[in-house]
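Structure file data_35.tsv (TSV, C-alpha atoms) follows.
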```tsv
chain	number	residue	atom	x	y	z
A	1	MET	CA	25.42	19.62	-38.48
A	2	PRO	CA	23.00	22.38	-39.54
A	3	ASP	CA	22.03	25.09	-37.09
A	4	CYS	CA	18.61	24.83	-35.47
A	5	LEU	CA	16.06	27.44	-36.45
A	6	PHE	CA	15.26	28.17	-32.82
A	7	SER	CA	15.96	26.92	-29.31
A	8	LEU	CA	13.61	24.74	-27.32
A	9	PRO	CA	13.07	25.11	-23.58
A	10	ASP	CA	15.43	23.12	-21.40
A	11	LEU	CA	13.94	19.93	-20.02
A	12	PRO	CA	13.11	20.18	-16.30
A	13	THR	CA	15.17	18.48	-13.63
A	14	ILE	CA	14.20	17.25	-10.17
A	15	PRO	CA	16.43	17.55	-7.08
A	16	VAL	CA	17.37	14.30	-5.35
A	17	GLN	CA	17.71	14.15	-1.58
A	18	ASP	CA	21.36	14.05	-0.41
A	19	GLN	CA	22.66	14.13	-3.99
A	20	ASP	CA	24.49	16.95	-5.78
A	21	ALA	CA	23.23	15.85	-9.20
A	22	VAL	CA	19.65	16.34	-10.36
A	23	TYR	CA	17.33	13.92	-12.16
A	24	PRO	CA	16.47	15.03	-15.73
A	25	VAL	CA	12.85	14.48	-16.75
A	26	GLY	CA	12.49	12.52	-19.97
A	27	ARG	CA	9.11	10.84	-20.43
A	28	ILE	CA	6.14	10.92	-18.02
A	29	PHE	CA	3.82	7.91	-17.98
A	30	CYS	CA	0.66	7.99	-15.84
A	31	VAL	CA	-1.42	5.03	-14.69
A	32	GLY	CA	-5.17	5.55	-14.90
A	33	ARG	CA	-7.72	4.38	-12.30
A	34	ASN	CA	-5.23	2.59	-10.08
A	35	TYR	CA	-7.24	3.08	-6.85
A	36	ALA	CA	-10.66	1.38	-6.81
A	37	ALA	CA	-12.34	4.15	-4.81
A	38	HIS	CA	-11.15	6.80	-7.25
A	39	ALA	CA	-12.38	4.78	-10.22
A	40	ALA	CA	-15.76	4.50	-8.49
A	41	GLU	CA	-16.01	8.24	-7.81
A	42	MET	CA	-15.35	8.83	-11.51
A	43	GLY	CA	-18.15	6.42	-12.42
A	44	HIS	CA	-16.03	3.47	-13.53
A	45	GLU	CA	-15.16	-0.01	-12.43
A	46	VAL	CA	-11.51	-0.97	-12.30
A	47	ASP	CA	-10.18	-2.82	-15.33
A	48	ARG	CA	-8.30	-5.64	-13.62
A	49	GLU	CA	-7.17	-7.21	-16.87
A	50	ALA	CA	-4.24	-4.81	-17.26
A	51	PRO	CA	-3.23	-1.29	-16.27
A	52	PHE	CA	-3.71	1.52	-18.79
A	53	TYR	CA	-1.73	4.71	-19.31
A	54	PHE	CA	-1.66	8.25	-20.61
A	55	THR	CA	1.38	10.46	-21.02
A	56	LYS	CA	2.29	14.02	-20.08
A	57	SER	CA	4.95	16.24	-21.68
A	58	ALA	CA	8.18	16.81	-19.77
A	59	PRO	CA	8.40	20.55	-20.65
A	60	ASN	CA	5.05	21.05	-18.89
A	61	ALA	CA	6.44	19.87	-15.53
A	62	VAL	CA	7.24	22.23	-12.64
A	63	LEU	CA	8.66	21.77	-9.16
A	64	THR	CA	7.03	21.97	-5.77
A	65	GLY	CA	6.57	25.51	-4.49
A	66	ALA	CA	5.48	26.79	-7.89
A	67	SER	CA	2.72	29.34	-8.27
A	68	ILE	CA	0.80	28.71	-11.47
A	69	PRO	CA	-2.10	30.53	-13.13
A	70	TYR	CA	-5.52	28.93	-13.31
A	71	PRO	CA	-5.35	27.29	-16.74
A	72	PRO	CA	-7.35	28.44	-19.78
A	73	GLY	CA	-10.26	26.54	-21.24
A	74	THR	CA	-11.60	24.98	-18.03
A	75	ASN	CA	-14.04	25.66	-15.23
A	76	ASN	CA	-13.23	22.46	-13.36
A	77	PHE	CA	-9.53	22.19	-12.52
A	78	HIS	CA	-8.78	19.18	-10.29
A	79	HIS	CA	-5.95	18.02	-8.05
A	80	GLU	CA	-4.64	14.44	-8.13
A	81	MET	CA	-2.00	13.36	-5.61
A	82	GLU	CA	0.32	10.58	-6.77
A	83	LEU	CA	3.44	8.54	-5.99
A	84	ALA	CA	6.06	9.06	-8.71
A	85	VAL	CA	8.57	6.34	-9.57
A	86	ALA	CA	11.83	7.41	-11.25
A	87	ILE	CA	13.54	4.85	-13.46
A	88	GLY	CA	17.31	4.61	-13.07
A	89	LYS	CA	18.44	1.98	-15.58
A	90	PRO	CA	17.29	0.61	-18.93
A	91	VAL	CA	14.71	-2.15	-18.69
A	92	PHE	CA	12.67	-4.03	-21.28
A	93	ARG	CA	10.24	-6.89	-20.68
A	94	ALA	CA	11.18	-6.83	-17.04
A	95	THR	CA	10.58	-9.53	-14.48
A	96	SER	CA	9.39	-8.42	-11.06
A	97	ALA	CA	12.96	-8.48	-9.72
A	98	GLN	CA	14.26	-6.50	-12.70
A	99	ALA	CA	11.45	-3.98	-12.27
A	100	TRP	CA	12.35	-3.29	-8.66
A	101	ASP	CA	16.02	-3.07	-9.58
A	102	ALA	CA	15.25	-0.44	-12.23
A	103	VAL	CA	13.77	2.00	-9.69
A	104	TYR	CA	16.15	4.84	-8.90
A	105	ALA	CA	13.99	6.95	-6.62
A	106	TYR	CA	10.47	7.86	-5.48
A	107	GLY	CA	8.73	11.17	-4.97
A	108	CYS	CA	5.48	13.04	-4.49
A	109	ALA	CA	3.75	14.33	-7.61
A	110	LEU	CA	0.59	16.16	-8.66
A	111	ASP	CA	-1.30	15.31	-11.83
A	112	MET	CA	-3.37	18.48	-12.33
A	113	THR	CA	-6.34	17.90	-14.60
A	114	ARG	CA	-8.84	19.96	-16.59
A	115	ARG	CA	-11.59	17.54	-15.57
A	116	ASP	CA	-14.33	19.01	-17.75
A	117	LEU	CA	-12.16	18.67	-20.84
A	118	GLN	CA	-11.03	15.17	-19.91
A	119	ILE	CA	-14.61	14.00	-19.46
A	120	ARG	CA	-15.79	15.74	-22.62
A	121	GLU	CA	-13.12	14.08	-24.74
A	122	ARG	CA	-13.51	10.71	-23.02
A	123	ASN	CA	-17.26	10.72	-23.71
A	124	LYS	CA	-16.50	11.29	-27.40
A	125	GLN	CA	-13.92	8.46	-27.29
A	126	ARG	CA	-11.14	10.92	-28.00
A	127	PRO	CA	-7.69	11.19	-26.35
A	128	TRP	CA	-7.45	12.99	-23.00
A	129	ASP	CA	-4.61	15.34	-23.97
A	130	LEU	CA	-6.54	18.60	-23.48
A	131	GLY	CA	-7.56	17.51	-20.01
A	132	LYS	CA	-4.28	16.04	-18.87
A	133	ASP	CA	-1.26	17.45	-20.72
A	134	LEU	CA	-1.40	21.12	-19.82
A	135	GLU	CA	1.26	23.70	-19.06
A	136	ALA	CA	2.48	23.39	-15.46
A	137	GLY	CA	0.09	20.46	-15.09
A	138	THR	CA	2.61	18.03	-13.58
A	139	VAL	CA	4.34	18.94	-10.31
A	140	PHE	CA	7.24	17.10	-8.69
A	141	ALA	CA	8.78	17.23	-5.22
A	142	PRO	CA	12.44	16.27	-4.62
A	143	LEU	CA	13.10	12.57	-5.09
A	144	THR	CA	14.25	10.10	-2.44
A	145	LEU	CA	16.57	7.26	-3.42
A	146	ALA	CA	15.04	3.79	-3.56
A	147	SER	CA	17.77	2.63	-1.20
A	148	ASP	CA	16.40	5.02	1.44
A	149	TRP	CA	12.64	4.43	1.11
A	150	SER	CA	10.24	1.61	0.21
A	151	PRO	CA	6.57	1.82	-0.88
A	152	LEU	CA	5.12	-0.27	1.97
A	153	ASP	CA	1.40	-0.95	2.04
A	154	ASP	CA	0.73	1.00	5.25
A	155	ILE	CA	2.34	4.22	4.01
A	156	ARG	CA	-0.12	7.10	3.89
A	157	ILE	CA	-0.70	9.28	0.82
A	158	GLN	CA	-2.70	12.45	1.40
A	159	LEU	CA	-3.54	15.88	0.01
A	160	SER	CA	-5.12	18.99	1.49
A	161	VAL	CA	-6.44	22.22	-0.01
A	162	ASN	CA	-6.12	25.29	2.21
A	163	GLY	CA	-5.51	22.97	5.16
A	164	GLU	CA	-8.58	20.78	4.55
A	165	ILE	CA	-7.85	17.10	3.85
A	166	ARG	CA	-9.25	16.02	0.49
A	167	GLN	CA	-7.39	12.79	-0.31
A	168	ASP	CA	-6.29	10.26	2.31
A	169	ALA	CA	-5.35	6.64	1.56
A	170	THR	CA	-2.50	4.15	1.82
A	171	LEU	CA	-0.23	2.70	-0.84
A	172	GLY	CA	-1.72	-0.69	-0.03
A	173	GLU	CA	-4.79	0.46	-1.98
A	174	LEU	CA	-2.83	0.53	-5.24
A	175	ILE	CA	-4.45	-2.00	-7.58
A	176	TRP	CA	-1.36	-2.48	-9.73
A	177	LYS	CA	1.80	-2.49	-7.62
A	178	ILE	CA	5.07	-0.78	-8.60
A	179	ASP	CA	6.78	-3.86	-10.03
A	180	GLU	CA	3.63	-4.91	-11.90
A	181	ILE	CA	3.35	-1.49	-13.53
A	182	ILE	CA	7.00	-1.41	-14.59
A	183	SER	CA	6.87	-4.99	-15.88
A	184	HIS	CA	3.72	-4.33	-17.89
A	185	LEU	CA	4.83	-0.95	-19.26
A	186	SER	CA	8.20	-2.42	-20.25
A	187	GLU	CA	6.38	-4.83	-22.56
A	188	TYR	CA	5.60	-1.82	-24.76
A	189	TYR	CA	8.49	0.61	-24.14
A	190	HIS	CA	12.22	0.35	-23.62
A	191	LEU	CA	12.17	2.16	-20.27
A	192	ARG	CA	15.26	4.20	-19.52
A	193	PRO	CA	16.71	6.68	-16.99
A	194	GLY	CA	14.67	9.87	-17.06
A	195	ASP	CA	11.36	8.03	-17.34
A	196	LEU	CA	8.91	8.80	-14.55
A	197	ILE	CA	5.76	6.83	-13.76
A	198	LEU	CA	2.88	8.42	-11.86
A	199	THR	CA	1.12	5.49	-10.23
A	200	GLY	CA	-2.44	6.79	-9.87
A	201	THR	CA	-4.46	8.89	-7.46
A	202	PRO	CA	-6.68	7.94	-4.49
A	203	ALA	CA	-10.31	8.96	-4.08
A	204	GLY	CA	-11.13	12.52	-3.09
A	205	VAL	CA	-10.10	14.42	-6.22
A	206	GLY	CA	-11.85	17.72	-6.60
A	207	PRO	CA	-11.78	21.27	-7.95
A	208	VAL	CA	-9.41	24.04	-6.95
A	209	GLN	CA	-9.66	27.78	-7.55
A	210	ALA	CA	-7.31	30.74	-7.88
A	211	GLY	CA	-5.92	31.55	-4.45
A	212	ASP	CA	-5.95	27.94	-3.24
A	213	VAL	CA	-2.85	26.30	-1.75
A	214	ILE	CA	-2.44	22.56	-2.34
A	215	ASP	CA	-0.26	20.52	0.04
A	216	GLY	CA	0.43	16.84	-0.45
A	217	GLY	CA	2.54	14.21	1.18
A	218	ILE	CA	3.52	10.56	1.29
A	219	ASP	CA	5.00	9.34	4.57
A	220	GLY	CA	8.79	9.40	4.40
A	221	LEU	CA	9.04	11.43	1.17
A	222	GLN	CA	9.53	15.13	0.62
A	223	PRO	CA	6.18	16.97	0.63
A	224	ILE	CA	4.73	18.85	-2.31
A	225	GLN	CA	3.01	22.22	-2.57
A	226	LEU	CA	1.33	24.14	-5.37
A	227	MET	CA	-0.27	27.59	-5.32
A	228	LEU	CA	-2.88	28.77	-7.81
A	229	CYS	CA	-3.09	32.38	-8.89
A	230	ASP	CA	-5.48	34.22	-11.19
A	231	ALA	CA	-5.70	33.25	-14.83
A	232	GLU	CA	-3.33	35.10	-17.12
```
Encoded form using structure tokens:
Amino acid sequence: MPDCLFSLPDLPTIPVQDQDAVYPVGRIFCVGRNYAAHAAEMGHEVDREAPFYFTKSAPNAVLTGASIPYPPGTNNFHHEMELAVAIGKPVFRATSAQAWDAVYAYGCALDMTRRDLQIRERNKQRPWDLGKDLEAGTVFAPLTLASDWSPLDDIRIQLSVNGEIRQDATLGELIWKIDEIISHLSEYYHLRPGDLILTGTPAGVGPVQAGDVIDGGIDGLQPIQLMLCDAE
């Protein structure tokens, strides 16, 4: 086996409540426009034919409590609070029952977005990578085992900036439910342990600035926090 020319950064891992082992981050899939009110505030109707996705790079993920610089190339950096679903076993072309069985854990996540770049590229019918897949642009809180928590419809998902509530909804507002997302995504990918799915953000997304503190939560899960500092 030839030596590598250089070393790559280690893939991030996420703590799991009441477990000694950590969850290694493999692939990150994100569901777009999965809350009707958020789709409306972005000027779109919900596509109810099927969910759609974008991806984010695992090495760009950080953990709750991080302090990150305001990213380069944007003047409109947005927060998006999301429920993350961690896959715990291989699944392909899953039924609803198989989809639920494949869930290892759940957690709070932030999908931080360079909104101006996302919109610019979207309007040119180009991929969203510059807007979505940025360094330290995905944030994870510790995971909670699926055996200890369920995504019931009345569970609240919320986010505040400097103590002011910006996003406030319930999981019942998800257009595509957890099992539907996993079943659909598994038609195109062999899902496996290490895969994480961010299930979409409620209405109320908005800009943040250097010095802001973002706090998010989903009832029954570990909360999430992110601090923004000056650009490097």
> Between A:Glu187, A:Glu135, A:Glu180, A:Glu82, which has the minimum distance to A:Gln158 (counting only C-alpha atoms)?
Replying inline: A:Glu82
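For the set A:Asp215, A:Asp179, A:Glu232, A:Asp133, the residue with the smallest atom-to-atom gap to A:Ala58 is A:Asp133, counting only C-alpha atoms.
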> Expressed in Å to a single decimal, how great is the separation between atom CA of A:Ser7 and atom CA of A:Ile197?
Replying inline: 27.4 Å
Hey, which bits of stretch 47-137 of chain A sit within 7 Å of stretch 218-228 of chain A, and for each residue what's the closest pair of atoms and how far apart in Å (one decimal), counting only C-alpha atoms, rows by chain and increasing number, as a Markdown table?
```
| residue | atom | partner | partner_atom | distance |
| --- | --- | --- | --- | --- |
| A:Thr64 | CA | A:Gln225 | CA | 5.1 |
| A:Gly65 | CA | A:Gln225 | CA | 5.2 |
| A:Ala66 | CA | A:Leu226 | CA | 5.5 |
| A:Ser67 | CA | A:Met227 | CA | 4.6 |
| A:Ile68 | CA | A:Leu228 | CA | 5.2 |
| A:Pro69 | CA | A:Leu228 | CA | 5.7 |
| A:Tyr70 | CA | A:Leu228 | CA | 6.1 |
| A:Gly107 | CA | A:Leu221 | CA | 6.2 |
| A:Cys108 | CA | A:Ile224 | CA | 6.3 |
```
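The spacing separating atom CA of A:Thr201 from atom CA of A:Phe52 amounts to 13.5 Å.
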> What residues have an atom no more than 12 Å from (14.1, -7.4, -9.7) in the file's own frame, counting all atoms listed in the file, and can you write them as a PyMOL selection string?
Replying inline: chain A and resi 89+91+93-103+178-180+182-183
> Can you list, as a ChimeraX atom specification, every protein, DNA or RNA residue that comes within 12 Å of A:Pro9 when you count only C-alpha atoms, leaving out same-chain residues fewer than 4 positions away?
Replying inline: /A:58-61
>> What does the structure give for the distance between atom CA of A:Lys132 and atom CA of A:Ala21, in Å to one decimal?
In response: 29.2 Å
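Distances here use only C-alpha atoms; by that measure, the residue among A:Tyr189, A:Tyr106, A:Phe92, A:Trp128 closest to A:Ala141 is A:Tyr106.
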>> Could you check the closest approach to A:Arg166 for each of A:Leu11, A:Ala84, A:Ala203, A:Ala146 and tell me which residue wins, using all atoms listed in the file?
In response: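 Result for the nearest residue to A:Arg166: A:Ala203.
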Selected stretch 115-128 of chain A, written as a PDB file, in the first residue's frame, N, CA, C and O atoms:
```
ATOM      1  N   ARG A 115     -26.997  33.021   2.553  1.00  0.00           N
ATOM      2  CA  ARG A 115     -28.252  33.130   1.816  1.00  0.00           C
ATOM      3  C   ARG A 115     -28.081  33.882   0.501  1.00  0.00           C
ATOM      4  O   ARG A 115     -28.685  33.516  -0.518  1.00  0.00           O
ATOM      5  N   ASP A 116     -27.286  34.938   0.504  1.00  0.00           N
ATOM      6  CA  ASP A 116     -27.119  35.699  -0.730  1.00  0.00           C
ATOM      7  C   ASP A 116     -26.490  34.840  -1.821  1.00  0.00           C
ATOM      8  O   ASP A 116     -26.890  34.906  -2.991  1.00  0.00           O
ATOM      9  N   LEU A 117     -25.535  33.995  -1.451  1.00  0.00           N
ATOM     10  CA  LEU A 117     -24.912  33.134  -2.446  1.00  0.00           C
ATOM     11  C   LEU A 117     -25.844  32.018  -2.884  1.00  0.00           C
ATOM     12  O   LEU A 117     -25.886  31.650  -4.067  1.00  0.00           O
ATOM     13  N   GLN A 118     -26.609  31.482  -1.950  1.00  0.00           N
ATOM     14  CA  GLN A 118     -27.585  30.454  -2.323  1.00  0.00           C
ATOM     15  C   GLN A 118     -28.587  30.996  -3.331  1.00  0.00           C
ATOM     16  O   GLN A 118     -28.865  30.370  -4.359  1.00  0.00           O
ATOM     17  N   ILE A 119     -29.140  32.167  -3.044  1.00  0.00           N
ATOM     18  CA  ILE A 119     -30.146  32.745  -3.936  1.00  0.00           C
ATOM     19  C   ILE A 119     -29.535  33.110  -5.286  1.00  0.00           C
ATOM     20  O   ILE A 119     -30.136  32.866  -6.344  1.00  0.00           O
ATOM     21  N   ARG A 120     -28.324  33.669  -5.258  1.00  0.00           N
ATOM     22  CA  ARG A 120     -27.666  34.019  -6.517  1.00  0.00           C
ATOM     23  C   ARG A 120     -27.479  32.800  -7.408  1.00  0.00           C
ATOM     24  O   ARG A 120     -27.805  32.822  -8.603  1.00  0.00           O
ATOM     25  N   GLU A 121     -26.992  31.715  -6.840  1.00  0.00           N
ATOM     26  CA  GLU A 121     -26.754  30.512  -7.632  1.00  0.00           C
ATOM     27  C   GLU A 121     -28.061  29.851  -8.047  1.00  0.00           C
ATOM     28  O   GLU A 121     -28.192  29.343  -9.170  1.00  0.00           O
ATOM     29  N   ARG A 122     -29.039  29.865  -7.148  1.00  0.00           N
ATOM     30  CA  ARG A 122     -30.352  29.281  -7.488  1.00  0.00           C
ATOM     31  C   ARG A 122     -30.981  30.027  -8.661  1.00  0.00           C
ATOM     32  O   ARG A 122     -31.555  29.407  -9.565  1.00  0.00           O
ATOM     33  N   ASN A 123     -30.890  31.348  -8.652  1.00  0.00           N
ATOM     34  CA  ASN A 123     -31.491  32.138  -9.730  1.00  0.00           C
ATOM     35  C   ASN A 123     -30.813  31.884 -11.078  1.00  0.00           C
ATOM     36  O   ASN A 123     -31.426  32.095 -12.132  1.00  0.00           O
ATOM     37  N   LYS A 124     -29.574  31.427 -11.040  1.00  0.00           N
ATOM     38  CA  LYS A 124     -28.856  31.087 -12.272  1.00  0.00           C
ATOM     39  C   LYS A 124     -28.967  29.596 -12.594  1.00  0.00           C
ATOM     40  O   LYS A 124     -28.288  29.110 -13.495  1.00  0.00           O
ATOM     41  N   GLN A 125     -29.818  28.894 -11.805  1.00  0.00           N
ATOM     42  CA  GLN A 125     -30.019  27.456 -11.962  1.00  0.00           C
ATOM     43  C   GLN A 125     -28.709  26.689 -11.798  1.00  0.00           C
ATOM     44  O   GLN A 125     -28.439  25.716 -12.502  1.00  0.00           O
ATOM     45  N   ARG A 126     -27.929  27.131 -10.840  1.00  0.00           N
ATOM     46  CA  ARG A 126     -26.672  26.472 -10.499  1.00  0.00           C
ATOM     47  C   ARG A 126     -26.807  25.772  -9.140  1.00  0.00           C
ATOM     48  O   ARG A 126     -27.712  26.085  -8.362  1.00  0.00           O
ATOM     49  N   PRO A 127     -25.899  24.849  -8.815  1.00  0.00           N
ATOM     50  CA  PRO A 127     -25.932  24.211  -7.494  1.00  0.00           C
ATOM     51  C   PRO A 127     -25.753  25.232  -6.367  1.00  0.00           C
ATOM     52  O   PRO A 127     -25.183  26.300  -6.563  1.00  0.00           O
ATOM     53  N   TRP A 128     -26.216  24.838  -5.179  1.00  0.00           N
ATOM     54  CA  TRP A 128     -26.207  25.723  -4.017  1.00  0.00           C
ATOM     55  C   TRP A 128     -24.934  25.611  -3.174  1.00  0.00           C
ATOM     56  O   TRP A 128     -24.881  26.156  -2.075  1.00  0.00           O
TER      57      TRP A 128
END
```
